[in-house]
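Source file: input_28.pdb. Holds: PDB, C-alpha atoms, pLDDT in the B column.
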ATOM      1  CA  MET P   1     106.416  13.414-152.540  1.00 87.00           C
ATOM      2  CA  ASP P   2     103.667  13.104-155.131  1.00 89.00           C
ATOM      3  CA  PRO P   3     100.634  10.958-154.261  1.00 92.00           C
ATOM      4  CA  GLU P   4     101.252   8.515-157.106  1.00 92.00           C
ATOM      5  CA  SER P   5     104.749   7.694-155.867  1.00 92.00           C
ATOM      6  CA  GLN P   6     103.415   7.334-152.331  1.00 95.00           C
ATOM      7  CA  ALA P   7     100.780   4.883-153.572  1.00 96.00           C
ATOM      8  CA  GLN P   8     103.456   2.805-155.303  1.00 95.00           C
ATOM      9  CA  ILE P   9     105.660   2.771-152.217  1.00 95.00           C
ATOM     10  CA  LYS P  10     102.719   1.768-150.057  1.00 96.00           C
ATOM     11  CA  ALA P  11     101.856  -1.079-152.461  1.00 96.00           C
ATOM     12  CA  VAL P  12     105.468  -2.305-152.453  1.00 95.00           C
ATOM     13  CA  ALA P  13     105.693  -2.061-148.659  1.00 95.00           C
ATOM     14  CA  ASP P  14     102.451  -4.007-148.282  1.00 94.00           C
ATOM     15  CA  ARG P  15     103.582  -6.640-150.764  1.00 94.00           C
ATOM     16  CA  PHE P  16     106.979  -7.190-149.181  1.00 92.00           C
ATOM     17  CA  GLU P  17     106.003  -6.638-145.560  1.00 84.00           C
ATOM     18  CA  GLY P  18     108.447  -8.399-143.268  1.00 76.00           C
ATOM     19  CA  ASP P  19     110.894  -8.965-146.125  1.00 78.00           C
ATOM     20  CA  ASP P  20     113.752  -6.769-144.889  1.00 89.00           C
ATOM     21  CA  LEU P  21     112.751  -3.906-147.148  1.00 95.00           C
ATOM     22  CA  VAL P  22     115.087  -0.913-147.185  1.00 96.00           C
ATOM     23  CA  VAL P  23     114.758   2.513-148.848  1.00 97.00           C
ATOM     24  CA  VAL P  24     117.849   3.973-150.504  1.00 97.00           C
ATOM     25  CA  LEU P  25     117.621   7.697-151.151  1.00 97.00           C
ATOM     26  CA  GLY P  26     119.416   9.758-153.779  1.00 96.00           C
ATOM     27  CA  ALA P  27     118.252  13.291-153.004  1.00 93.00           C
ATOM     28  CA  ALA P  28     120.962  15.859-152.368  1.00 89.00           C
ATOM     29  CA  ASP P  29     118.978  18.689-150.834  1.00 89.00           C
ATOM     30  CA  PRO P  30     118.608  18.293-147.029  1.00 87.00           C
ATOM     31  CA  GLU P  31     114.978  19.406-147.177  1.00 89.00           C
ATOM     32  CA  ALA P  32     114.186  16.885-149.932  1.00 90.00           C
ATOM     33  CA  LEU P  33     115.925  14.186-147.886  1.00 92.00           C
ATOM     34  CA  GLU P  34     113.893  15.058-144.833  1.00 91.00           C
ATOM     35  CA  VAL P  35     110.613  14.926-146.744  1.00 92.00           C
ATOM     36  CA  ALA P  36     111.449  11.633-148.480  1.00 93.00           C
ATOM     37  CA  GLY P  37     112.749  10.043-145.278  1.00 94.00           C
ATOM     38  CA  GLU P  38     109.808  11.160-143.204  1.00 94.00           C
ATOM     39  CA  THR P  39     107.332   9.964-145.832  1.00 95.00           C
ATOM     40  CA  VAL P  40     108.619   6.359-145.713  1.00 95.00           C
ATOM     41  CA  THR P  41     109.016   6.240-141.937  1.00 94.00           C
ATOM     42  CA  SER P  42     106.337   8.232-140.146  1.00 94.00           C
ATOM     43  CA  GLY P  43     104.100   9.190-143.082  1.00 96.00           C
ATOM     44  CA  ASP P  44     103.503  12.010-145.540  1.00 96.00           C
ATOM     45  CA  PRO P  45     104.418  15.258-143.738  1.00 94.00           C
ATOM     46  CA  ALA P  46     102.163  17.235-146.096  1.00 94.00           C
ATOM     47  CA  TYR P  47      99.328  14.913-145.150  1.00 94.00           C
ATOM     48  CA  VAL P  48      97.894  14.774-148.683  1.00 92.00           C
ATOM     49  CA  GLY P  49      99.016  11.424-150.160  1.00 95.00           C
ATOM     50  CA  PRO P  50      98.203   7.765-149.474  1.00 96.00           C
ATOM     51  CA  LEU P  51     100.971   7.670-146.845  1.00 97.00           C
ATOM     52  CA  ALA P  52      99.390  10.435-144.752  1.00 96.00           C
ATOM     53  CA  GLY P  53      99.167   9.028-141.243  1.00 95.00           C
ATOM     54  CA  VAL P  54     100.784   5.749-142.368  1.00 96.00           C
ATOM     55  CA  SER P  55     103.946   4.861-140.448  1.00 94.00           C
ATOM     56  CA  LEU P  56     105.806   2.379-142.651  1.00 95.00           C
ATOM     57  CA  ARG P  57     108.889   2.698-140.435  1.00 93.00           C
ATOM     58  CA  LEU P  58     111.144   1.504-143.258  1.00 94.00           C
ATOM     59  CA  PRO P  59     114.884   1.688-142.679  1.00 95.00           C
ATOM     60  CA  VAL P  60     116.423   4.501-144.758  1.00 96.00           C
ATOM     61  CA  VAL P  61     119.954   4.933-146.063  1.00 96.00           C
ATOM     62  CA  HIS P  62     121.513   7.139-148.749  1.00 96.00           C
ATOM     63  CA  ILE P  63     123.528   6.055-151.766  1.00 97.00           C
ATOM     64  CA  LEU P  64     126.284   8.556-150.798  1.00 95.00           C
ATOM     65  CA  GLU P  65     126.734   7.128-147.296  1.00 94.00           C
ATOM     66  CA  HIS P  66     130.016   5.272-146.734  1.00 93.00           C
ATOM     67  CA  GLU P  67     128.326   2.135-145.433  1.00 94.00           C
ATOM     68  CA  VAL P  68     126.319   1.874-148.664  1.00 96.00           C
ATOM     69  CA  LYS P  69     129.139   2.821-151.019  1.00 96.00           C
ATOM     70  CA  GLU P  70     131.483   0.201-149.588  1.00 97.00           C
ATOM     71  CA  GLN P  71     129.010  -2.556-150.487  1.00 98.00           C
ATOM     72  CA  VAL P  72     128.719  -1.525-154.140  1.00 98.00           C
ATOM     73  CA  ASP P  73     131.037  -2.642-156.929  1.00 98.00           C
ATOM     74  CA  PRO P  74     133.546   0.262-157.170  1.00 97.00           C
ATOM     75  CA  GLN P  75     133.482   0.376-160.960  1.00 98.00           C
ATOM     76  CA  VAL P  76     129.689   0.515-161.121  1.00 98.00           C
ATOM     77  CA  TYR P  77     129.596   3.112-158.351  1.00 97.00           C
ATOM     78  CA  ALA P  78     132.104   5.263-160.224  1.00 97.00           C
ATOM     79  CA  GLU P  79     130.088   4.975-163.445  1.00 96.00           C
ATOM     80  CA  GLN P  80     126.688   5.651-161.895  1.00 96.00           C
ATOM     81  CA  VAL P  81     127.429   7.997-158.999  1.00 96.00           C
ATOM     82  CA  GLY P  82     131.045   9.116-159.382  1.00 92.00           C
ATOM     83  CA  LEU P  83     130.517  12.523-160.962  1.00 89.00           C
ATOM     84  CA  LEU P  84     127.438  13.252-158.881  1.00 89.00           C
ATOM     85  CA  GLU P  85     129.364  12.360-155.730  1.00 89.00           C
ATOM     86  CA  LEU P  86     131.877  15.063-156.609  1.00 88.00           C
ATOM     87  CA  ALA P  87     129.194  17.620-157.425  1.00 89.00           C
ATOM     88  CA  LEU P  88     126.967  16.995-154.412  1.00 88.00           C
ATOM     89  CA  ASP P  89     127.714  17.819-150.801  1.00 88.00           C
ATOM     90  CA  ALA P  90     128.263  14.309-149.412  1.00 88.00           C
ATOM     91  CA  ASP P  91     129.062  15.618-145.921  1.00 90.00           C
ATOM     92  CA  ALA P  92     125.752  17.490-145.759  1.00 90.00           C
ATOM     93  CA  VAL P  93     123.988  14.306-146.888  1.00 92.00           C
ATOM     94  CA  GLN P  94     125.685  12.245-144.148  1.00 91.00           C
ATOM     95  CA  THR P  95     124.666  14.823-141.545  1.00 91.00           C
ATOM     96  CA  ALA P  96     121.083  14.991-142.828  1.00 91.00           C
ATOM     97  CA  MET P  97     120.791  11.196-142.776  1.00 93.00           C
ATOM     98  CA  ARG P  98     122.058  10.937-139.204  1.00 91.00           C
ATOM     99  CA  LYS P  99     119.528  13.577-138.207  1.00 89.00           C
ATOM    100  CA  LEU P 100     116.785  11.770-140.106  1.00 88.00           C
ATOM    101  CA  ARG P 101     117.498   8.519-138.273  1.00 87.00           C
ATOM    102  CA  GLY P 102     117.686  10.333-134.958  1.00 83.00           C
ATOM    103  CA  ASN P 103     121.285   9.361-134.293  1.00 66.00           C
ATOM    104  CA  GLU P 104     122.934  12.712-134.860  1.00 53.00           C
TER
ATOM    105  CA  MET X   1     123.285  -1.930-142.737  1.00 88.00           C
ATOM    106  CA  LYS X   2     123.968  -4.954-144.881  1.00 93.00           C
ATOM    107  CA  LEU X   3     122.244  -4.775-148.281  1.00 96.00           C
ATOM    108  CA  GLN X   4     122.978  -8.314-149.428  1.00 96.00           C
ATOM    109  CA  GLY X   5     119.757 -10.288-149.766  1.00 95.00           C
ATOM    110  CA  ARG X   6     117.480  -7.372-148.893  1.00 95.00           C
ATOM    111  CA  LYS X   7     114.700  -5.968-151.012  1.00 96.00           C
ATOM    112  CA  ALA X   8     115.180  -2.292-151.787  1.00 97.00           C
ATOM    113  CA  ILE X   9     113.295   0.759-152.964  1.00 97.00           C
ATOM    114  CA  ALA X  10     115.562   3.109-154.939  1.00 97.00           C
ATOM    115  CA  LEU X  11     114.141   6.563-154.322  1.00 96.00           C
ATOM    116  CA  GLY X  12     116.218   8.849-156.505  1.00 95.00           C
ATOM    117  CA  GLU X  13     115.923  12.516-157.236  1.00 93.00           C
ATOM    118  CA  ARG X  14     116.343  14.549-160.398  1.00 91.00           C
ATOM    119  CA  ASP X  15     118.723  17.045-158.792  1.00 90.00           C
ATOM    120  CA  GLY X  16     120.598  14.328-156.924  1.00 92.00           C
ATOM    121  CA  VAL X  17     121.220  10.693-157.798  1.00 95.00           C
ATOM    122  CA  PRO X  18     118.534   9.195-160.108  1.00 95.00           C
ATOM    123  CA  GLY X  19     116.681   6.032-159.150  1.00 96.00           C
ATOM    124  CA  GLU X  20     118.164   4.079-162.050  1.00 97.00           C
ATOM    125  CA  ALA X  21     121.719   4.837-160.898  1.00 97.00           C
ATOM    126  CA  ILE X  22     120.884   3.789-157.339  1.00 98.00           C
ATOM    127  CA  ALA X  23     119.284   0.587-158.610  1.00 98.00           C
ATOM    128  CA  ALA X  24     122.342  -0.284-160.714  1.00 98.00           C
ATOM    129  CA  CYS X  25     124.562   0.160-157.655  1.00 98.00           C
ATOM    130  CA  LEU X  26     122.316  -1.828-155.332  1.00 98.00           C
ATOM    131  CA  ALA X  27     122.228  -4.777-157.711  1.00 97.00           C
ATOM    132  CA  THR X  28     125.995  -5.158-157.318  1.00 98.00           C
ATOM    133  CA  ALA X  29     125.604  -5.070-153.531  1.00 98.00           C
ATOM    134  CA  GLY X  30     123.322  -8.105-153.684  1.00 97.00           C
ATOM    135  CA  ALA X  31     120.067  -6.265-153.022  1.00 97.00           C
ATOM    136  CA  GLU X  32     116.930  -6.895-155.042  1.00 96.00           C
ATOM    137  CA  VAL X  33     115.467  -3.597-156.236  1.00 97.00           C
ATOM    138  CA  VAL X  34     111.688  -4.023-156.164  1.00 96.00           C
ATOM    139  CA  PHE X  35     110.817  -0.420-157.025  1.00 95.00           C
ATOM    140  CA  SER X  36     112.847   2.408-158.474  1.00 95.00           C
ATOM    141  CA  PHE X  37     111.872   5.921-159.381  1.00 93.00           C
ATOM    142  CA  THR X  38     113.231   9.423-159.682  1.00 94.00           C
ATOM    143  CA  GLU X  39     111.461  12.228-157.900  1.00 87.00           C
ATOM    144  CA  CYS X  40     111.391  15.871-158.790  1.00 81.00           C
ATOM    145  CA  PHE X  41     111.530  17.834-155.565  1.00 66.00           C
ATOM    146  CA  VAL X  42     110.212  21.368-155.942  1.00 61.00           C
TER
END

Target format C-alpha coordinates, applied to this file:
Amino acid sequence: MDPESQAQIKAVADRFEGDDLVVVLGAADPEALEVAGETVTSGDPAYVGPLAGVSLRLPVVHILEHEVKEQVDPQVYAEQVGLLELALDADAVQTAMRKLRGNE
Amino acid sequence: MKLQGRKAIALGERDGVPGEAIAACLATAGAEVVFSFTECFV
(Lines of atoms letter the chains of each structure in order from A and count residues from 1; the text may use other names and numbers.)
(Lines give C-alpha, C1' and ligand atoms only; values in the text may rest on other atoms or scores of the structure.)
Protein backbone atom coordinates (compact mmCIF):
# COMPACT_ATOMS: atom_id res chain seq x y z
CA MET A 1 0.00 0.00 0.00
CA ASP A 2 1.39 3.40 -0.94
CA PRO A 3 2.77 5.59 1.86
CA GLU A 4 0.24 8.36 1.27
CA SER A 5 -2.70 6.01 1.78
CA GLN A 6 -1.03 4.59 4.88
CA ALA A 7 -0.63 8.11 6.27
CA GLN A 8 -4.32 8.82 5.70
CA ILE A 9 -5.37 5.57 7.36
CA LYS A 10 -3.11 6.28 10.31
CA ALA A 11 -4.61 9.79 10.67
CA VAL A 12 -8.15 8.39 10.54
CA ALA A 13 -7.31 5.63 13.03
CA ASP A 14 -5.77 8.17 15.41
CA ARG A 15 -8.73 10.51 15.06
CA PHE A 16 -11.36 7.85 15.67
CA GLU A 17 -9.44 5.72 18.14
CA GLY A 18 -11.84 3.73 20.29
CA ASP A 19 -14.75 4.54 17.99
CA ASP A 20 -15.48 1.03 16.71
CA LEU A 21 -13.58 1.64 13.49
CA VAL A 22 -13.74 -1.14 10.91
CA VAL A 23 -11.92 -1.59 7.58
CA VAL A 24 -13.92 -2.95 4.65
CA LEU A 25 -11.77 -4.27 1.82
CA GLY A 26 -12.63 -4.57 -1.86
CA ALA A 27 -9.53 -6.21 -3.31
CA ALA A 28 -10.06 -9.44 -5.23
CA ASP A 29 -6.53 -10.77 -5.46
CA PRO A 30 -5.58 -12.88 -2.39
CA GLU A 31 -2.12 -11.33 -2.29
CA ALA A 32 -3.56 -7.80 -2.41
CA LEU A 33 -5.99 -8.75 0.36
CA GLU A 34 -3.19 -10.08 2.50
CA VAL A 35 -1.11 -6.93 2.07
CA ALA A 36 -4.05 -4.59 2.76
CA GLY A 37 -5.23 -6.62 5.74
CA GLU A 38 -1.79 -6.92 7.25
CA THR A 39 -1.13 -3.21 6.80
CA VAL A 40 -4.16 -2.18 8.90
CA THR A 41 -3.67 -4.84 11.57
CA SER A 42 0.00 -5.54 12.24
CA GLY A 43 1.63 -2.84 10.10
CA ASP A 44 3.13 -2.30 6.66
CA PRO A 45 4.67 -5.64 5.60
CA ALA A 46 7.02 -3.82 3.21
CA TYR A 47 8.16 -1.70 6.13
CA VAL A 48 8.40 1.50 4.07
CA GLY A 49 5.27 3.54 4.91
CA PRO A 50 3.99 5.39 7.99
CA LEU A 51 2.36 2.16 9.21
CA ALA A 52 5.67 0.26 9.31
CA GLY A 53 5.86 -1.23 12.79
CA VAL A 54 2.46 0.27 13.71
CA SER A 55 -0.10 -2.31 14.84
CA LEU A 56 -3.49 -0.64 14.40
CA ARG A 57 -5.23 -3.98 14.98
CA LEU A 58 -8.34 -2.76 13.16
CA PRO A 59 -11.06 -5.32 12.48
CA VAL A 60 -11.16 -6.22 8.77
CA VAL A 61 -14.01 -7.54 6.65
CA HIS A 62 -14.61 -7.74 2.89
CA ILE A 63 -17.51 -6.32 0.92
CA LEU A 64 -18.05 -9.75 -0.73
CA GLU A 65 -18.40 -11.60 2.59
CA HIS A 66 -21.92 -12.86 3.35
CA GLU A 67 -22.06 -11.20 6.76
CA VAL A 68 -21.37 -7.82 5.14
CA LYS A 69 -23.61 -8.31 2.11
CA GLU A 70 -26.62 -9.24 4.23
CA GLN A 71 -26.44 -5.88 6.03
CA VAL A 72 -26.47 -3.82 2.82
CA ASP A 73 -29.58 -2.70 0.96
CA PRO A 74 -29.97 -5.40 -1.75
CA GLN A 75 -30.73 -2.92 -4.51
CA VAL A 76 -27.70 -0.77 -3.74
CA TYR A 77 -25.51 -3.86 -3.43
CA ALA A 78 -26.70 -5.10 -6.81
CA GLU A 79 -26.02 -1.71 -8.40
CA GLN A 80 -22.59 -1.18 -6.86
CA VAL A 81 -21.17 -4.69 -6.51
CA GLY A 82 -23.48 -7.01 -8.45
CA LEU A 83 -21.50 -7.39 -11.66
CA LEU A 84 -18.17 -7.42 -9.85
CA GLU A 85 -19.47 -10.12 -7.52
CA LEU A 86 -20.12 -12.30 -10.55
CA ALA A 87 -16.74 -11.56 -12.11
CA LEU A 88 -14.64 -12.00 -8.98
CA ASP A 89 -13.92 -15.21 -7.13
CA ALA A 90 -16.02 -14.67 -3.99
CA ASP A 91 -15.10 -18.08 -2.56
CA ALA A 92 -11.39 -17.29 -2.81
CA VAL A 93 -12.06 -13.96 -1.09
CA GLN A 94 -13.94 -15.68 1.77
CA THR A 95 -11.07 -18.13 2.22
CA ALA A 96 -8.44 -15.37 2.12
CA MET A 97 -10.35 -13.33 4.70
CA ARG A 98 -10.67 -16.27 7.09
CA LYS A 99 -6.94 -16.85 6.74
CA LEU A 100 -6.24 -13.16 7.27
CA ARG A 101 -8.22 -13.13 10.51
CA GLY A 102 -6.57 -16.34 11.64
CA ASN A 103 -9.81 -18.29 11.82
CA GLU A 104 -9.35 -20.52 8.81
CA MET B 1 -19.76 -8.13 12.63
CA LYS B 2 -22.51 -5.57 12.89
CA LEU B 3 -21.84 -2.45 10.79
CA GLN B 4 -24.69 -0.32 12.09
CA GLY B 5 -23.35 2.69 13.97
CA ARG B 6 -19.69 1.91 13.28
CA LYS B 7 -17.19 4.15 11.57
CA ALA B 8 -15.66 2.54 8.50
CA ILE B 9 -12.72 2.83 6.16
CA ALA B 10 -13.63 1.69 2.63
CA LEU B 11 -10.40 0.33 1.19
CA GLY B 12 -11.25 -0.53 -2.39
CA GLU B 13 -9.11 -1.73 -5.22
CA ARG B 14 -9.02 -0.90 -8.91
CA ASP B 15 -9.11 -4.54 -10.00
CA GLY B 16 -11.70 -5.45 -7.39
CA VAL B 17 -14.46 -3.39 -5.80
CA PRO B 18 -13.72 0.39 -5.78
CA GLY B 19 -13.83 2.38 -2.56
CA GLU B 20 -16.79 4.45 -3.74
CA ALA B 21 -18.90 1.33 -4.33
CA ILE B 22 -18.01 -0.03 -0.90
CA ALA B 23 -18.85 3.32 0.70
CA ALA B 24 -22.25 3.45 -1.03
CA CYS B 25 -23.04 -0.03 0.29
CA LEU B 26 -21.86 0.68 3.82
CA ALA B 27 -24.02 3.79 4.07
CA THR B 28 -27.12 1.63 3.63
CA ALA B 29 -25.88 -0.70 6.37
CA GLY B 30 -25.83 2.19 8.83
CA ALA B 31 -22.07 2.64 8.94
CA GLU B 32 -20.41 6.04 8.72
CA VAL B 33 -17.66 5.98 6.10
CA VAL B 34 -14.90 8.25 7.40
CA PHE B 35 -12.37 7.49 4.67
CA SER B 36 -12.70 5.89 1.27
CA PHE B 37 -10.15 5.26 -1.41
CA THR B 38 -9.30 2.94 -4.26
CA GLU B 39 -5.90 1.33 -4.36
CA CYS B 40 -3.98 0.13 -7.35
CA PHE B 41 -2.23 -3.07 -6.36
CA VAL B 42 0.73 -3.87 -8.59

Select, as an NGL selection string, those residues of chain P with any atom no more than 8 Å from chain X (distances computed using all atoms listed in the file). :P and (1 or 9 or 12 or 19-29 or 32 or 63 or 67-68 or 71-73 or 76-77 or 80-81 or 84 or 88)

Identify all residues satisfying the PyMOL selection byres ((chain P and resi 39-51) around 9) in the given file; provide them as a PyMOL selection string. chain P and resi 1-7+9-10+23+34-38+52-60

Quick one: pull the distance between CA of Asp89 (chain P) and CA of Pro30 (chain P), Å, one decimal. 9.9 Å

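Across the structure, CA of Gln75 (chain P) and CA of Val61 (chain P) are spaced 20.6 Å apart.
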
Rank nothing, just name the residue among P:Ala13, P:Ala78, P:Leu33, P:Leu83 nearest to Arg98 (chain P), using only C-alpha atoms.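 Checking each of P:Ala13, P:Ala78, P:Leu33, P:Leu83 against Arg98 (chain P), counting only C-alpha atoms, the winner is P:Leu33.
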
Just how far from CA of Glu17 (chain P) is CA of Glu70 (chain P), in Å to one decimal? 26.7 Å

Centre and edge lengths, as AutoDock Vina command-line options, for the axis-aligned box enclosing every listed atom of region 9-17 of chain X with 3 Å of padding on each of the six sides, in Å to one decimal?
--center_x 117.3 --center_y 8.9 --center_z -156.7 --size_x 13.9 --size_y 22.3 --size_z 13.4

Where does the PyMOL selection byres ((chain P and resi 94) around 10) land in this file, that is, which residues does it pick, as a ChimeraX atom specification? /P:30,61-62,64-66,89-93,95-100,104
